[in-house]
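Structure file coords.pdb with PDB, C-alpha atoms:
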ATOM      1  CA  MET Q   8       8.132  22.308  27.823
ATOM      2  CA  GLU Q   9       8.265  24.601  30.842
ATOM      3  CA  GLY Q  10      10.543  22.092  32.579
ATOM      4  CA  MET Q  11      13.032  22.191  29.681
ATOM      5  CA  ARG Q  12      12.778  25.956  29.560
ATOM      6  CA  ALA Q  13      13.593  26.221  33.277
ATOM      7  CA  PHE Q  14      16.421  23.677  32.920
ATOM      8  CA  ALA Q  15      17.922  25.541  29.967
ATOM      9  CA  ARG Q  16      17.748  28.865  31.776
ATOM     10  CA  SER Q  17      19.435  27.544  34.907
ATOM     11  CA  HIS Q  18      22.061  25.453  33.061
ATOM     12  CA  ARG Q  19      22.718  27.598  30.003
ATOM     13  CA  LYS Q  20      26.338  28.324  30.912
ATOM     14  CA  ALA Q  21      27.096  24.737  31.948
ATOM     15  CA  PHE Q  22      26.720  23.313  28.424
ATOM     16  CA  ASP Q  23      28.615  24.300  25.286
ATOM     17  CA  PRO Q  24      26.028  25.028  22.556
ATOM     18  CA  ALA Q  25      28.322  23.562  19.884
ATOM     19  CA  THR Q  26      28.508  20.174  21.604
ATOM     20  CA  THR Q  27      25.178  19.975  23.424
ATOM     21  CA  PHE Q  28      22.501  17.897  21.716
ATOM     22  CA  VAL Q  29      18.924  17.527  22.939
ATOM     23  CA  LEU Q  30      16.749  14.729  21.641
ATOM     24  CA  ALA Q  31      13.173  15.107  22.834
ATOM     25  CA  ILE Q  32      10.923  12.082  22.537
ATOM     26  CA  ASP Q  33       7.265  13.058  22.584
ATOM     27  CA  SER Q  34       3.942  11.450  21.663
ATOM     28  CA  VAL Q  35       5.290   8.146  20.347
ATOM     29  CA  GLY Q  36       2.326   5.940  21.260
ATOM     30  CA  ALA Q  37       0.943   5.365  17.760
ATOM     31  CA  GLY Q  38       1.896   5.893  14.135
ATOM     32  CA  ASP Q  39       5.009   6.258  12.032
ATOM     33  CA  ILE Q  40       8.240   7.960  13.043
ATOM     34  CA  ARG Q  41       8.642  11.678  12.416
ATOM     35  CA  TRP Q  42      11.582  13.862  13.309
ATOM     36  CA  VAL Q  43      10.877  17.531  13.749
ATOM     37  CA  ALA Q  44      12.594  19.715  11.165
ATOM     38  CA  SER Q  45      10.928  22.923  12.373
ATOM     39  CA  GLU Q  46       8.309  23.922  14.883
ATOM     40  CA  GLY Q  47       6.892  26.950  16.611
ATOM     41  CA  LEU Q  48       3.572  28.333  17.770
ATOM     42  CA  THR Q  49       3.809  31.591  15.840
ATOM     43  CA  VAL Q  50       7.243  31.709  14.224
ATOM     44  CA  PRO Q  51       8.802  28.442  13.047
ATOM     45  CA  PHE Q  52      12.265  27.629  14.352
ATOM     46  CA  GLU Q  53      14.492  25.278  12.375
ATOM     47  CA  MET Q  54      15.843  22.407  14.400
ATOM     48  CA  ASP Q  55      19.561  21.597  14.237
ATOM     49  CA  GLY Q  56      20.715  20.956  10.683
ATOM     50  CA  ARG Q  57      23.204  18.190  11.493
ATOM     51  CA  LEU Q  58      20.634  16.285  13.534
ATOM     52  CA  GLN Q  59      18.253  16.611  10.577
ATOM     53  CA  GLU Q  60      20.889  15.158   8.243
ATOM     54  CA  LEU Q  61      21.520  12.256  10.610
ATOM     55  CA  CYS Q  62      17.779  11.563  10.995
ATOM     56  CA  ASP Q  63      17.486  11.564   7.220
ATOM     57  CA  ALA Q  64      20.419   9.137   6.941
ATOM     58  CA  VAL Q  65      18.847   6.769   9.503
ATOM     59  CA  ALA Q  66      15.521   6.934   7.657
ATOM     60  CA  LEU Q  67      17.166   6.343   4.262
ATOM     61  CA  ALA Q  68      19.104   3.319   5.544
ATOM     62  CA  ASP Q  69      15.876   1.927   7.001
ATOM     63  CA  ARG Q  70      13.961   2.518   3.735
ATOM     64  CA  GLU Q  71      16.621   0.521   1.896
ATOM     65  CA  GLY Q  72      16.052  -2.302   4.375
ATOM     66  CA  GLU Q  73      12.843  -3.126   6.224
ATOM     67  CA  ASP Q  74      11.263   0.371   6.135
ATOM     68  CA  ARG Q  75      10.155  -0.369   9.671
ATOM     69  CA  TYR Q  76      10.251   3.264  10.807
ATOM     70  CA  ARG Q  77       8.482   4.808   7.807
ATOM     71  CA  ALA Q  78      10.254   7.947   9.027
ATOM     72  CA  GLU Q  79       9.868  11.402   7.510
ATOM     73  CA  PRO Q  80      10.622  14.974   8.560
ATOM     74  CA  LEU Q  81       7.831  16.981  10.156
ATOM     75  CA  ARG Q  82       7.227  20.715  10.156
ATOM     76  CA  HIS Q  83       4.434  21.802  12.449
ATOM     77  CA  GLY Q  84       3.003  24.607  14.535
ATOM     78  CA  TYR Q  85       3.421  22.891  17.886
ATOM     79  CA  ALA Q  86       6.121  23.426  20.487
ATOM     80  CA  SER Q  87       8.111  20.761  22.309
ATOM     81  CA  ASP Q  88      11.022  20.480  24.707
ATOM     82  CA  ALA Q  89      13.326  20.629  21.687
ATOM     83  CA  LEU Q  90      12.051  24.102  20.841
ATOM     84  CA  ALA Q  91      12.847  25.341  24.341
ATOM     85  CA  ALA Q  92      16.348  23.891  24.023
ATOM     86  CA  ARG Q  93      16.799  25.306  20.507
ATOM     87  CA  VAL Q  94      15.751  28.808  21.564
ATOM     88  CA  HIS Q  95      18.477  28.643  24.204
ATOM     89  CA  GLY Q  96      21.062  27.845  21.528
ATOM     90  CA  TRP Q  97      21.373  24.092  21.955
ATOM     91  CA  ARG Q  98      21.278  21.657  19.034
ATOM     92  CA  ALA Q  99      17.948  19.851  19.196
ATOM     93  CA  THR Q 100      15.153  17.940  17.523
ATOM     94  CA  THR Q 101      12.147  15.854  18.529
ATOM     95  CA  ILE Q 102      11.254  12.285  17.657
ATOM     96  CA  THR Q 103       7.492  11.784  17.526
ATOM     97  CA  CYS Q 104       4.928   9.585  15.778
ATOM     98  CA  ARG Q 105       1.996  10.373  13.512
ATOM     99  CA  GLU Q 106      -0.713   8.229  12.021
ATOM    100  CA  PRO Q 107      -0.732   8.508   8.199
ATOM    101  CA  GLY Q 108      -2.360  11.811   7.212
ATOM    102  CA  ALA Q 109      -2.784  13.038  10.810
ATOM    103  CA  SER Q 110      -1.769  16.572  11.701
ATOM    104  CA  GLY Q 111      -1.339  15.791  15.393
ATOM    105  CA  PRO Q 112      -0.460  12.877  17.640
ATOM    106  CA  ALA Q 113      -3.042  10.121  18.105
ATOM    107  CA  ASN Q 114      -5.321  10.681  21.112
ATOM    108  CA  HIS Q 115      -3.423  13.835  22.103
ATOM    109  CA  HIS Q 116      -5.140  15.348  25.158
ATOM    110  CA  ALA Q 117      -8.319  13.417  24.397
ATOM    111  CA  ARG Q 118     -10.397  11.086  26.572
ATOM    112  CA  THR Q 119      -8.941   8.245  24.519
ATOM    113  CA  ASP Q 120      -5.399   9.163  25.672
ATOM    114  CA  LEU Q 121      -5.117   6.063  27.849
ATOM    115  CA  PRO Q 122      -2.353   3.506  28.425
ATOM    116  CA  GLU Q 123      -4.299   0.837  26.565
ATOM    117  CA  ALA Q 124      -4.327   3.055  23.449
ATOM    118  CA  ILE Q 125      -0.533   2.879  23.198
ATOM    119  CA  ASP Q 126       0.778   0.723  20.376
ATOM    120  CA  PRO Q 127       3.823  -1.167  21.723
ATOM    121  CA  VAL Q 128       5.175  -1.562  18.184
ATOM    122  CA  ALA Q 129       5.185   2.250  17.761
ATOM    123  CA  LEU Q 130       7.053   2.606  21.059
ATOM    124  CA  ASP Q 131       9.632   0.059  19.938
ATOM    125  CA  ARG Q 132      10.091   1.818  16.582
ATOM    126  CA  ALA Q 133      10.536   5.196  18.287
ATOM    127  CA  GLN Q 134      13.074   3.761  20.708
ATOM    128  CA  ASP Q 135      15.004   2.013  17.951
ATOM    129  CA  PHE Q 136      15.014   5.106  15.714
ATOM    130  CA  ALA Q 137      16.277   7.228  18.620
ATOM    131  CA  LEU Q 138      19.023   4.693  19.363
ATOM    132  CA  ASP Q 139      20.039   4.569  15.689
ATOM    133  CA  LEU Q 140      20.191   8.372  15.689
ATOM    134  CA  ILE Q 141      22.301   8.425  18.854
ATOM    135  CA  ARG Q 142      24.703   5.864  17.360
ATOM    136  CA  ALA Q 143      24.983   7.931  14.169
ATOM    137  CA  LEU Q 144      25.627  11.077  16.212
ATOM    138  CA  ASP Q 145      28.236   9.254  18.288
ATOM    139  CA  ARG Q 146      30.066   8.095  15.127
ATOM    140  CA  ASP Q 147      29.787  11.591  13.664
ATOM    141  CA  LEU Q 148      31.282  13.221  16.763
ATOM    142  CA  ALA Q 149      34.051  10.602  16.963
ATOM    143  CA  ARG Q 150      35.032  11.316  13.341
ATOM    144  CA  ALA Q 151      35.077  15.041  14.027
ATOM    145  CA  ALA Q 152      37.272  14.573  17.099
ATOM    146  CA  ALA Q 153      39.747  12.162  15.439
ATOM    147  CA  PRO Q 154      43.063  13.612  14.295
ATOM    148  CA  ASP Q 155      43.556  13.969  10.586
ATOM    149  CA  ARG Q 156      44.820  10.540   9.454
ATOM    150  CA  THR Q 157      46.912  12.029   6.627
ATOM    151  CA  GLU Q 158      49.176  13.723   9.173
ATOM    152  CA  LEU Q 159      49.984  10.337  10.687
ATOM    153  CA  ALA Q 160      50.846   8.637   7.399
ATOM    154  CA  PRO Q 161      54.551   7.904   6.844
ATOM    155  CA  ALA Q 162      56.349   9.860   4.173
ATOM    156  CA  GLY Q 163      55.798   8.446   0.703
ATOM    157  CA  ALA Q 164      52.622   6.578   1.744
TER
END

Rewrite the coordinates I just gave you, this time as structure tokens.
Amino acid sequence: MEGMRAFARSHRKAFDPATTFVLAIDSVGAGDIRWVASEGLTVPFEMDGRLQELCDAVALADREGEDRYRAEPLRHGYASDALAARVHGWRATTITCREPGASGPANHHARTDLPEAIDPVALDRAQDFALDLIRALDRDLARAAAPDRTELAPAGA
């Protein structure tokens, strides 16, 4: 998180807060997909609302299909790179994983936090969810940037 904080401080003026999106991927070695809706060590900070809507849309589409992600929003008292970005005014969220009923990531800072404890299926799900989110964001931004189609329609159409 200190790395993101330092990056945000030194690059704050280089990125437009309205069009800068940060997607942090953290602790995705085991469990089901969670996107962070709010986080903070003392005071909770809401993550970007549009990113939350897009995460929800990706999760809903998946639930109507395979339900491979088993994705849900997460509100917690931790802090991630997304929080550092959000505090600096950028639009951000985190993709993480949680075992059912767990309050924290599996093996987080424990002696069992070893490469062999990583579930490759969880990694694949996290990657695929992140890619689906990025595609949805890309489509969303393209729609917002497109000229109004009604202005281009011929008279009487």

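Put simply, CA of Ala25 (chain Q) is 15.4 Å away from CA of Gln59 (chain Q).
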
(message) Going by the chain IDs and residue numbers used in this file, which residues fall under the PyMOL selection byres ((chain Q and resi 48-55) around 6)? Write them as a PyMOL selection string.
(response) chain Q and resi 44-47+56-58+84-85+98-100

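Here CA of Asp131 (chain Q) and CA of His83 (chain Q) stand 23.6 Å from one another.
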
(message) Expand the PyMOL selection byres ((chain Q and resi 28) around 10) into the explicit residue set it covers here, and present it as number ranges by chain.
(response) Q: 22-27, 29-31, 55, 58, 89, 92-93, 97-100, 141, 144

Selected residues written out, C-alpha atoms, as a PDB file, in the coordinates of the input:
ATOM      1  CA  PHE Q  22      26.720  23.313  28.424  1.00  0.00           C
ATOM      2  CA  ASP Q  23      28.615  24.300  25.286  1.00  0.00           C
ATOM      3  CA  PRO Q  24      26.028  25.028  22.556  1.00  0.00           C
ATOM      4  CA  ALA Q  25      28.322  23.562  19.884  1.00  0.00           C
ATOM      5  CA  THR Q  26      28.508  20.174  21.604  1.00  0.00           C
ATOM      6  CA  THR Q  27      25.178  19.975  23.424  1.00  0.00           C
ATOM      7  CA  VAL Q  29      18.924  17.527  22.939  1.00  0.00           C
ATOM      8  CA  LEU Q  30      16.749  14.729  21.641  1.00  0.00           C
ATOM      9  CA  ALA Q  31      13.173  15.107  22.834  1.00  0.00           C
ATOM     10  CA  ASP Q  55      19.561  21.597  14.237  1.00  0.00           C
ATOM     11  CA  LEU Q  58      20.634  16.285  13.534  1.00  0.00           C
ATOM     12  CA  ALA Q  89      13.326  20.629  21.687  1.00  0.00           C
ATOM     13  CA  ALA Q  92      16.348  23.891  24.023  1.00  0.00           C
ATOM     14  CA  ARG Q  93      16.799  25.306  20.507  1.00  0.00           C
ATOM     15  CA  TRP Q  97      21.373  24.092  21.955  1.00  0.00           C
ATOM     16  CA  ARG Q  98      21.278  21.657  19.034  1.00  0.00           C
ATOM     17  CA  ALA Q  99      17.948  19.851  19.196  1.00  0.00           C
ATOM     18  CA  THR Q 100      15.153  17.940  17.523  1.00  0.00           C
ATOM     19  CA  ILE Q 141      22.301   8.425  18.854  1.00  0.00           C
ATOM     20  CA  LEU Q 144      25.627  11.077  16.212  1.00  0.00           C
TER      21      LEU Q 144
END

(message) When you count all atoms listed in the file, which of these residues is closest to Asp33 (chain Q): Q:Leu138, Q:Ile102, Q:Ala133, Q:Ala151?
(response) Q:Ile102

(request) Write out as a PyMOL selection string which residues come within 12 Å of Asp139 (chain Q) when counting all atoms listed in the file, dropping same-chain ones fewer than 6 positions away. (result) chain Q and resi 58+61-69+76+102+132-133+145-146

(request) Report as a ChimeraX atom specification the residues that result from applying the PyMOL selection byres ((chain Q and resi 114) around 10) to the structure here. (result) /Q:34,36-37,111-113,115-121,124-125

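The space between CA of Gly72 (chain Q) and CA of Ala137 (chain Q) spans 17.1 Å.
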
(message) Using all atoms listed in the file, can you tell me which of Q:Arg41, Q:Arg105, Q:Arg142, Q:His95 comes closest to His18 (chain Q)?
(response) Q:His95
